[in-house]
$ cat final_17.csv   # CSV, C-alpha atoms
chain,number,residue,atom,x,y,z
G,1,MET,CA,0.0,0.0,0.0
G,2,LYS,CA,1.4,3.4,-0.9
G,3,LYS,CA,1.6,6.1,1.7
G,4,LEU,CA,-1.3,8.1,3.0
G,5,LEU,CA,-1.2,11.9,2.4
G,6,TYR,CA,-3.2,14.4,4.4
G,7,ILE,CA,-3.7,17.3,2.0
G,8,VAL,CA,-3.0,20.5,3.9
G,9,ALA,CA,-3.4,22.6,0.7
G,10,VAL,CA,-3.0,26.0,2.3
G,11,LEU,CA,-3.6,25.0,5.9
G,12,PHE,CA,-0.6,26.8,7.3
G,13,VAL,CA,-0.2,29.4,4.6
G,14,SER,CA,-0.6,33.1,5.5
G,15,PHE,CA,0.5,36.5,4.4
G,16,GLN,CA,1.3,39.9,5.8
G,17,GLY,CA,-0.6,43.1,5.4
G,18,PHE,CA,0.4,46.6,6.5
G,19,SER,CA,-2.1,48.0,8.9
G,20,GLN,CA,-5.3,47.1,10.8
G,21,ASP,CA,-7.8,48.6,8.3
G,22,ALA,CA,-10.2,47.1,5.8
G,23,ALA,CA,-8.4,48.6,2.8
G,24,SER,CA,-5.2,46.7,3.6
G,25,LEU,CA,-7.1,43.5,4.0
G,26,LYS,CA,-8.6,43.8,0.5
G,27,ALA,CA,-5.4,45.1,-1.1
G,28,ASN,CA,-3.3,42.2,0.1
G,29,ALA,CA,-5.9,39.4,-0.5
G,30,GLN,CA,-4.8,38.9,-4.1
G,31,LYS,CA,-1.1,39.0,-3.0
G,32,TYR,CA,-1.8,36.1,-0.6
G,33,TYR,CA,-3.6,34.2,-3.3
G,34,ASP,CA,-0.8,34.6,-5.8
G,35,ILE,CA,1.9,33.6,-3.3
G,36,THR,CA,-0.1,30.5,-2.4
G,37,VAL,CA,-0.7,29.4,-6.0
G,38,LYS,CA,2.9,30.0,-6.9
G,39,LEU,CA,4.1,28.0,-3.9
G,40,ASP,CA,6.5,30.7,-2.9
G,41,TYR,CA,7.7,29.0,0.2
G,42,THR,CA,10.0,31.8,1.3
G,43,MET,CA,7.2,34.3,1.3
G,44,MET,CA,4.9,31.9,3.0
G,45,MET,CA,7.3,31.5,5.9
G,46,GLU,CA,7.8,35.2,6.2
G,47,MET,CA,4.1,36.0,6.1
G,48,ILE,CA,2.7,33.4,8.4
G,49,TYR,CA,1.0,34.3,11.7
G,50,PRO,CA,4.0,33.9,14.1
G,51,LYS,CA,2.2,32.1,17.0
G,52,LEU,CA,1.6,29.1,14.6
G,53,PHE,CA,5.4,28.4,14.9
G,54,ASP,CA,4.9,27.6,18.6
G,55,ILE,CA,2.8,24.6,17.4
G,56,VAL,CA,4.5,23.7,14.2
G,57,PRO,CA,8.2,24.8,13.9
G,58,LYS,CA,9.0,26.7,10.8
G,59,GLU,CA,11.3,24.1,9.4
G,60,THR,CA,8.7,21.3,10.0
G,61,MET,CA,6.1,23.4,8.3
G,62,LEU,CA,8.3,24.1,5.3
G,63,THR,CA,9.1,20.4,5.0
G,64,THR,CA,5.5,19.4,5.2
G,65,LEU,CA,4.4,21.9,2.5
G,66,LYS,CA,7.2,20.7,0.1
G,67,LYS,CA,6.3,17.1,0.7
G,68,THR,CA,2.6,17.8,0.1
G,69,PHE,CA,3.2,19.4,-3.3
G,70,GLU,CA,6.5,17.9,-4.5
G,71,GLU,CA,7.4,14.6,-2.9
G,72,ASN,CA,4.4,12.3,-3.2
G,73,GLU,CA,4.6,8.7,-4.4
G,74,GLY,CA,2.1,7.9,-7.1
G,75,PHE,CA,0.5,11.3,-7.5
G,76,LYS,CA,1.1,15.1,-7.6
G,77,VAL,CA,-0.9,17.9,-6.0
G,78,LYS,CA,-1.2,21.2,-7.8
G,79,LEU,CA,-2.9,24.4,-6.7
G,80,MET,CA,-4.9,25.9,-9.5
G,81,PRO,CA,-5.5,29.6,-10.3
G,82,VAL,CA,-9.2,30.5,-9.9
G,83,ALA,CA,-10.9,33.8,-9.1
G,84,PRO,CA,-10.8,33.9,-5.2
G,85,ASN,CA,-14.2,35.7,-4.9
G,86,PHE,CA,-13.2,37.0,-1.5
G,87,VAL,CA,-15.9,37.8,1.1
G,88,PHE,CA,-14.4,39.9,3.9
G,89,GLY,CA,-15.9,39.8,7.4
G,90,ASP,CA,-16.0,42.8,9.7
G,91,ILE,CA,-12.9,43.7,11.7
G,92,LYS,CA,-13.5,42.7,15.3
G,93,LYS,CA,-11.4,43.9,18.3
G,94,ILE,CA,-11.2,41.2,20.9
G,95,GLY,CA,-8.9,42.1,23.8
G,96,ASN,CA,-5.7,43.4,22.4
G,97,GLN,CA,-6.1,41.6,19.1
G,98,SER,CA,-7.9,42.5,15.9
G,99,PHE,CA,-9.5,39.8,13.7
G,100,SER,CA,-11.3,39.4,10.4
G,101,VAL,CA,-12.7,36.3,8.8
G,102,ILE,CA,-12.2,36.0,5.0
G,103,ASN,CA,-13.8,33.4,2.8
G,104,HIS,CA,-12.5,32.6,-0.6
G,105,ASP,CA,-12.6,30.0,-3.4
G,106,THR,CA,-9.7,27.6,-3.7
G,107,ALA,CA,-9.0,24.8,-6.2
G,108,PHE,CA,-6.4,22.1,-6.7
G,109,LYS,CA,-5.8,19.2,-9.0
G,110,ILE,CA,-4.6,15.7,-8.1
G,111,ILE,CA,-2.6,14.0,-10.9
G,112,TRP,CA,-2.1,10.3,-10.5
G,113,ASP,CA,0.6,8.2,-12.2
G,114,GLU,CA,-1.9,5.4,-12.7
G,115,PRO,CA,-5.6,5.5,-13.2
G,116,ILE,CA,-7.9,5.0,-10.2
G,117,PRO,CA,-9.6,1.6,-10.6
G,118,ALA,CA,-13.1,2.1,-11.9
G,119,GLU,CA,-14.7,0.5,-8.8
G,120,GLU,CA,-12.9,3.0,-6.5
G,121,ILE,CA,-13.6,6.3,-8.3
G,122,GLN,CA,-16.9,7.1,-6.6
G,123,SER,CA,-15.4,6.3,-3.2
G,124,TYR,CA,-12.6,8.8,-3.8
G,125,ILE,CA,-15.1,11.4,-5.0
G,126,ASP,CA,-17.4,10.9,-2.0
G,127,SER,CA,-14.4,11.1,0.4
G,128,PHE,CA,-13.2,14.4,-1.1
G,129,LYS,CA,-16.7,15.9,-1.1
G,130,ALA,CA,-17.1,15.0,2.6
G,131,THR,CA,-13.7,16.1,3.9
G,132,MET,CA,-13.5,19.3,1.7
G,133,ASN,CA,-17.1,20.2,2.3
G,134,THR,CA,-17.8,20.7,-1.4
G,135,GLN,CA,-19.9,19.1,-4.2
G,136,ASP,CA,-17.4,20.2,-6.9
G,137,VAL,CA,-15.2,17.1,-7.3
G,138,VAL,CA,-14.6,15.8,-10.8
G,139,TYR,CA,-12.5,12.8,-11.9
G,140,ASP,CA,-11.1,12.9,-15.4
G,141,ALA,CA,-10.3,9.3,-16.2
G,142,PRO,CA,-8.4,9.8,-19.5
G,143,ASN,CA,-6.1,12.3,-17.9
G,144,LYS,CA,-5.9,10.5,-14.5
G,145,THR,CA,-6.7,13.7,-12.7
G,146,MET,CA,-9.2,14.9,-10.1
G,147,ASP,CA,-10.3,18.5,-9.9
G,148,ILE,CA,-11.5,19.9,-6.5
G,149,LYS,CA,-13.0,23.3,-5.9
G,150,ALA,CA,-14.0,24.5,-2.4
G,151,ARG,CA,-14.4,27.5,-0.2
G,152,SER,CA,-11.6,28.2,2.3
G,153,LYS,CA,-11.6,30.3,5.4
G,154,LEU,CA,-8.8,32.7,6.2
G,155,ILE,CA,-8.3,34.4,9.6
G,156,ALA,CA,-6.6,37.8,9.6
G,157,VAL,CA,-4.9,38.7,12.9
G,158,ALA,CA,-3.2,41.9,14.0
G,159,ASP,CA,-1.6,42.0,17.5
G,160,GLU,CA,1.6,42.7,19.4
G,161,THR,CA,3.3,39.6,17.9
G,162,THR,CA,2.7,41.0,14.4
G,163,ASN,CA,3.6,44.6,15.3
G,164,LYS,CA,0.0,45.5,14.8
G,165,GLU,CA,0.2,44.5,11.1
G,166,TRP,CA,-2.2,42.0,9.5
G,167,LYS,CA,-1.0,38.4,9.2
G,168,TYR,CA,-3.2,35.6,7.9
G,169,LEU,CA,-3.9,32.0,8.9
G,170,THR,CA,-6.0,29.5,7.0
G,171,TYR,CA,-8.6,28.2,9.4
G,172,SER,CA,-8.5,24.8,10.8
G,173,ASP,CA,-10.8,23.8,13.7
G,174,GLN,CA,-7.9,21.6,15.0
G,175,ILE,CA,-5.2,24.2,14.9
G,176,PHE,CA,-7.2,27.4,15.8
G,177,PRO,CA,-8.0,26.3,19.4
G,178,MET,CA,-4.3,25.6,20.0
G,179,ILE,CA,-3.6,29.3,19.3
G,180,PHE,CA,-6.7,31.2,20.4
G,181,ASN,CA,-9.2,30.6,23.2
G,182,GLU,CA,-12.8,29.5,22.8
G,183,LYS,CA,-14.2,33.0,23.4
G,184,ILE,CA,-12.4,34.3,20.3
G,185,LYS,CA,-13.7,31.3,18.2
G,186,THR,CA,-17.2,32.0,19.4
G,187,GLU,CA,-17.1,35.8,18.8
G,188,LEU,CA,-15.8,35.2,15.3
G,189,GLY,CA,-18.6,32.7,14.6
G,190,LEU,CA,-16.2,30.0,13.6
G,191,GLY,CA,-17.6,26.5,13.0
G,192,PRO,CA,-16.0,23.3,11.6
G,193,ALA,CA,-13.5,24.0,8.9
G,194,THR,CA,-12.9,22.2,5.6
G,195,GLY,CA,-11.1,18.9,6.6
G,196,GLU,CA,-8.0,17.2,5.4
G,197,ALA,CA,-8.7,14.8,2.6
G,198,VAL,CA,-6.9,11.5,2.6
G,199,ILE,CA,-5.4,10.2,-0.6
G,200,GLN,CA,-4.8,6.4,-0.5
G,201,LYS,CA,-3.6,4.5,-3.4
G,202,ASN,CA,-3.3,0.7,-3.2
$ encode --input "final_17.csv" --output "structure tokens"
Amino acid sequence: MKKLLYIVAVLFVSFQGFSQDAASLKANAQKYYDITVKLDYTMMMEMIYPKLFDIVPKETMLTTLKKTFEENEGFKVKLMPVAPNFVFGDIKKIGNQSFSVINHDTAFKIIWDEPIPAEEIQSYIDSFKATMNTQDVVYDAPNKTMDIKARSKLIAVADETTNKEWKYLTYSDQIFPMIFNEKIKTELGLGPATGEAVIQKN
């Protein structure tokens, strides 16, 4: 059995803005998106919300991202450029921190070395639909690819650790409570996030 891969896509990817205002949130959204699609690892590491490194060391995070997109056995994962269609939430001041929740479209393509057996295709599709919380999953048998489109949730944070500048963190309901308390999660109206899909190839 070939290895399991948990697709983190842009789970730990973030970017830096320049102030705590809505204009900077919107101005830098496309910058974040472009950096993510291009897999500019250096910029990703520079722009991530710093407290995340208390949970996942920077070197570990960098290694994980590279393995996810470059070092898989039997398949490749590629982020695809699509219109993000950002929806920006209000800026909320909670204690000494400022937050904004941003929703956007994301897409990626899985390219297998070998076709998925016909009897397993629907199982793969159903798994991705459930874990990525989307209905937009299509397998292209002739090209051995699966295209997945979903909505992602980005958390913008400005506090003392960021010198009051915006930095961004893709939301995960596993990671978020390890950085922020339940009060913040509740006040931001955050529920379950898009999960990590499992790719398994026998």
$ residues_around --input "final_17.csv" --residues "stretch 98-102 of chain G" --least-positions-apart "5" --cutoff "8 Å" --atoms "all atoms listed in the file" --output "PyMOL selection string"
chain G and resi 20+86-93+153-159+188
$ residues_around --input "final_17.csv" --residues "G:Ile148" --least-positions-apart "2" --cutoff "9 Å" --atoms "all atoms listed in the file" --output "JSON, numbers by chain"
{"G": [106, 107, 108, 109, 110, 128, 129, 132, 134, 135, 136, 137, 138, 139, 146, 150]}
$ atom_distance --input "final_17.csv" --atom1 "atom CA of G:Ala118" --atom2 "atom CA of G:Arg151"
28.0 Å
$ closest_residue --input "final_17.csv" --among "G:Ser127, G:Leu169, G:Ala141, G:Thr60" --to "G:Asp113" --atoms "all atoms listed in the file"
G:Ala141
$ closest_residue --input "final_17.csv" --among "G:Lys144, G:Tyr168, G:Thr186, G:Met47" --to "G:Pro117" --atoms "all atoms listed in the file"
G:Lys144
$ closest_residue --input "final_17.csv" --among "G:Leu79, G:Thr145, G:Ile175, G:Asp21" --to "G:Ile121" --atoms "only C-alpha atoms"
G:Thr145
$ atom_distance --input "final_17.csv" --atom1 "atom CA of G:Ser152" --atom2 "atom CA of G:Tyr32"
12.9 Å
$ closest_residue --input "final_17.csv" --among "G:Glu165, G:Ile184, G:Gln97, G:Tyr171" --to "G:Asn28" --atoms "only C-alpha atoms"
G:Glu165
$ atom_distance --input "final_17.csv" --atom1 "atom CA of G:Tyr124" --atom2 "atom CA of G:Glu73"
17.2 Å
$ residues_around --input "final_17.csv" --residues "G:Val37" --least-positions-apart "4" --cutoff "8 Å" --atoms "only C-alpha atoms" --output "list of chain:residue names"
G:Tyr33, G:Leu79, G:Met80, G:Pro81
$ closest_residue --input "final_17.csv" --among "G:Asp54, G:Asn163, G:Glu119, G:Ile111" --to "G:Asp140" --atoms "all atoms listed in the file"
G:Ile111
$ closest_residue --input "final_17.csv" --among "G:Ala130, G:Ile35, G:Ile48, G:Ile125" --to "G:Trp166" --atoms "all atoms listed in the file"
G:Ile48
$ decode --input "final_17.csv" --residues "stretch 145-176 of chain G" --atoms "N, CA and C atoms" --output "compact mmCIF listing (two decimals), in the first residue's frame"
# COMPACT_ATOMS: atom_id res chain seq x y z
N THR G 145 -6.76 12.59 -13.56
CA THR G 145 -6.74 13.75 -12.67
C THR G 145 -8.08 13.90 -11.94
N MET G 146 -8.01 14.53 -10.79
CA MET G 146 -9.21 14.89 -10.05
C MET G 146 -9.14 16.38 -9.73
N ASP G 147 -10.18 17.11 -10.11
CA ASP G 147 -10.26 18.54 -9.85
C ASP G 147 -11.22 18.79 -8.70
N ILE G 148 -10.75 19.58 -7.73
CA ILE G 148 -11.53 19.86 -6.53
C ILE G 148 -11.59 21.37 -6.32
N LYS G 149 -12.81 21.89 -6.16
CA LYS G 149 -13.00 23.30 -5.85
C LYS G 149 -13.79 23.40 -4.55
N ALA G 150 -13.37 24.32 -3.69
CA ALA G 150 -14.05 24.47 -2.40
C ALA G 150 -13.87 25.90 -1.89
N ARG G 151 -14.60 26.22 -0.83
CA ARG G 151 -14.42 27.49 -0.16
C ARG G 151 -13.48 27.31 1.02
N SER G 152 -12.54 28.24 1.17
CA SER G 152 -11.60 28.21 2.29
C SER G 152 -11.84 29.42 3.19
N LYS G 153 -11.44 29.28 4.43
CA LYS G 153 -11.63 30.34 5.41
C LYS G 153 -10.27 30.81 5.91
N LEU G 154 -10.05 32.10 5.82
CA LEU G 154 -8.79 32.72 6.21
C LEU G 154 -9.04 33.62 7.41
N ILE G 155 -8.17 33.54 8.41
CA ILE G 155 -8.29 34.40 9.58
C ILE G 155 -7.19 35.44 9.54
N ALA G 156 -7.58 36.71 9.52
CA ALA G 156 -6.62 37.81 9.59
C ALA G 156 -6.45 38.22 11.04
N VAL G 157 -5.21 38.38 11.47
CA VAL G 157 -4.92 38.73 12.87
C VAL G 157 -3.90 39.85 12.90
N ALA G 158 -4.15 40.84 13.76
CA ALA G 158 -3.17 41.90 14.02
C ALA G 158 -3.06 42.04 15.53
N ASP G 159 -1.84 41.88 16.06
CA ASP G 159 -1.63 42.01 17.50
C ASP G 159 -0.18 42.37 17.77
N GLU G 160 0.23 42.26 19.03
CA GLU G 160 1.60 42.65 19.38
C GLU G 160 2.64 41.76 18.71
N THR G 161 2.32 40.51 18.48
CA THR G 161 3.29 39.60 17.86
C THR G 161 3.51 39.92 16.38
N THR G 162 2.59 40.67 15.78
CA THR G 162 2.72 41.03 14.36
C THR G 162 3.04 42.51 14.19
N ASN G 163 3.39 43.19 15.32
CA ASN G 163 3.63 44.63 15.28
C ASN G 163 2.41 45.39 14.78
N LYS G 164 1.24 44.85 15.13
CA LYS G 164 -0.05 45.46 14.76
C LYS G 164 -0.31 45.46 13.26
N GLU G 165 0.42 44.64 12.53
CA GLU G 165 0.19 44.48 11.10
C GLU G 165 -0.61 43.20 10.87
N TRP G 166 -1.39 43.18 9.80
CA TRP G 166 -2.19 41.99 9.50
C TRP G 166 -1.31 40.83 9.07
N LYS G 167 -1.56 39.68 9.67
CA LYS G 167 -1.02 38.43 9.15
C LYS G 167 -2.16 37.43 9.11
N TYR G 168 -2.01 36.42 8.27
CA TYR G 168 -3.17 35.59 7.94
C TYR G 168 -2.89 34.11 8.16
N LEU G 169 -3.95 33.41 8.52
CA LEU G 169 -3.86 31.99 8.87
C LEU G 169 -5.06 31.27 8.30
N THR G 170 -4.83 30.26 7.48
CA THR G 170 -5.95 29.48 6.97
C THR G 170 -6.59 28.71 8.12
N TYR G 171 -7.90 28.79 8.23
CA TYR G 171 -8.59 28.25 9.40
C TYR G 171 -8.65 26.73 9.41
N SER G 172 -8.32 26.18 10.55
CA SER G 172 -8.51 24.76 10.84
C SER G 172 -9.09 24.65 12.23
N ASP G 173 -10.18 23.90 12.38
CA ASP G 173 -10.78 23.76 13.70
C ASP G 173 -9.94 22.90 14.64
N GLN G 174 -8.88 22.25 14.12
CA GLN G 174 -7.94 21.55 14.98
C GLN G 174 -6.84 22.50 15.47
N ILE G 175 -6.34 23.35 14.58
CA ILE G 175 -5.22 24.23 14.91
C ILE G 175 -5.67 25.49 15.66
N PHE G 176 -6.78 26.08 15.24
CA PHE G 176 -7.22 27.37 15.81
C PHE G 176 -7.30 27.35 17.33
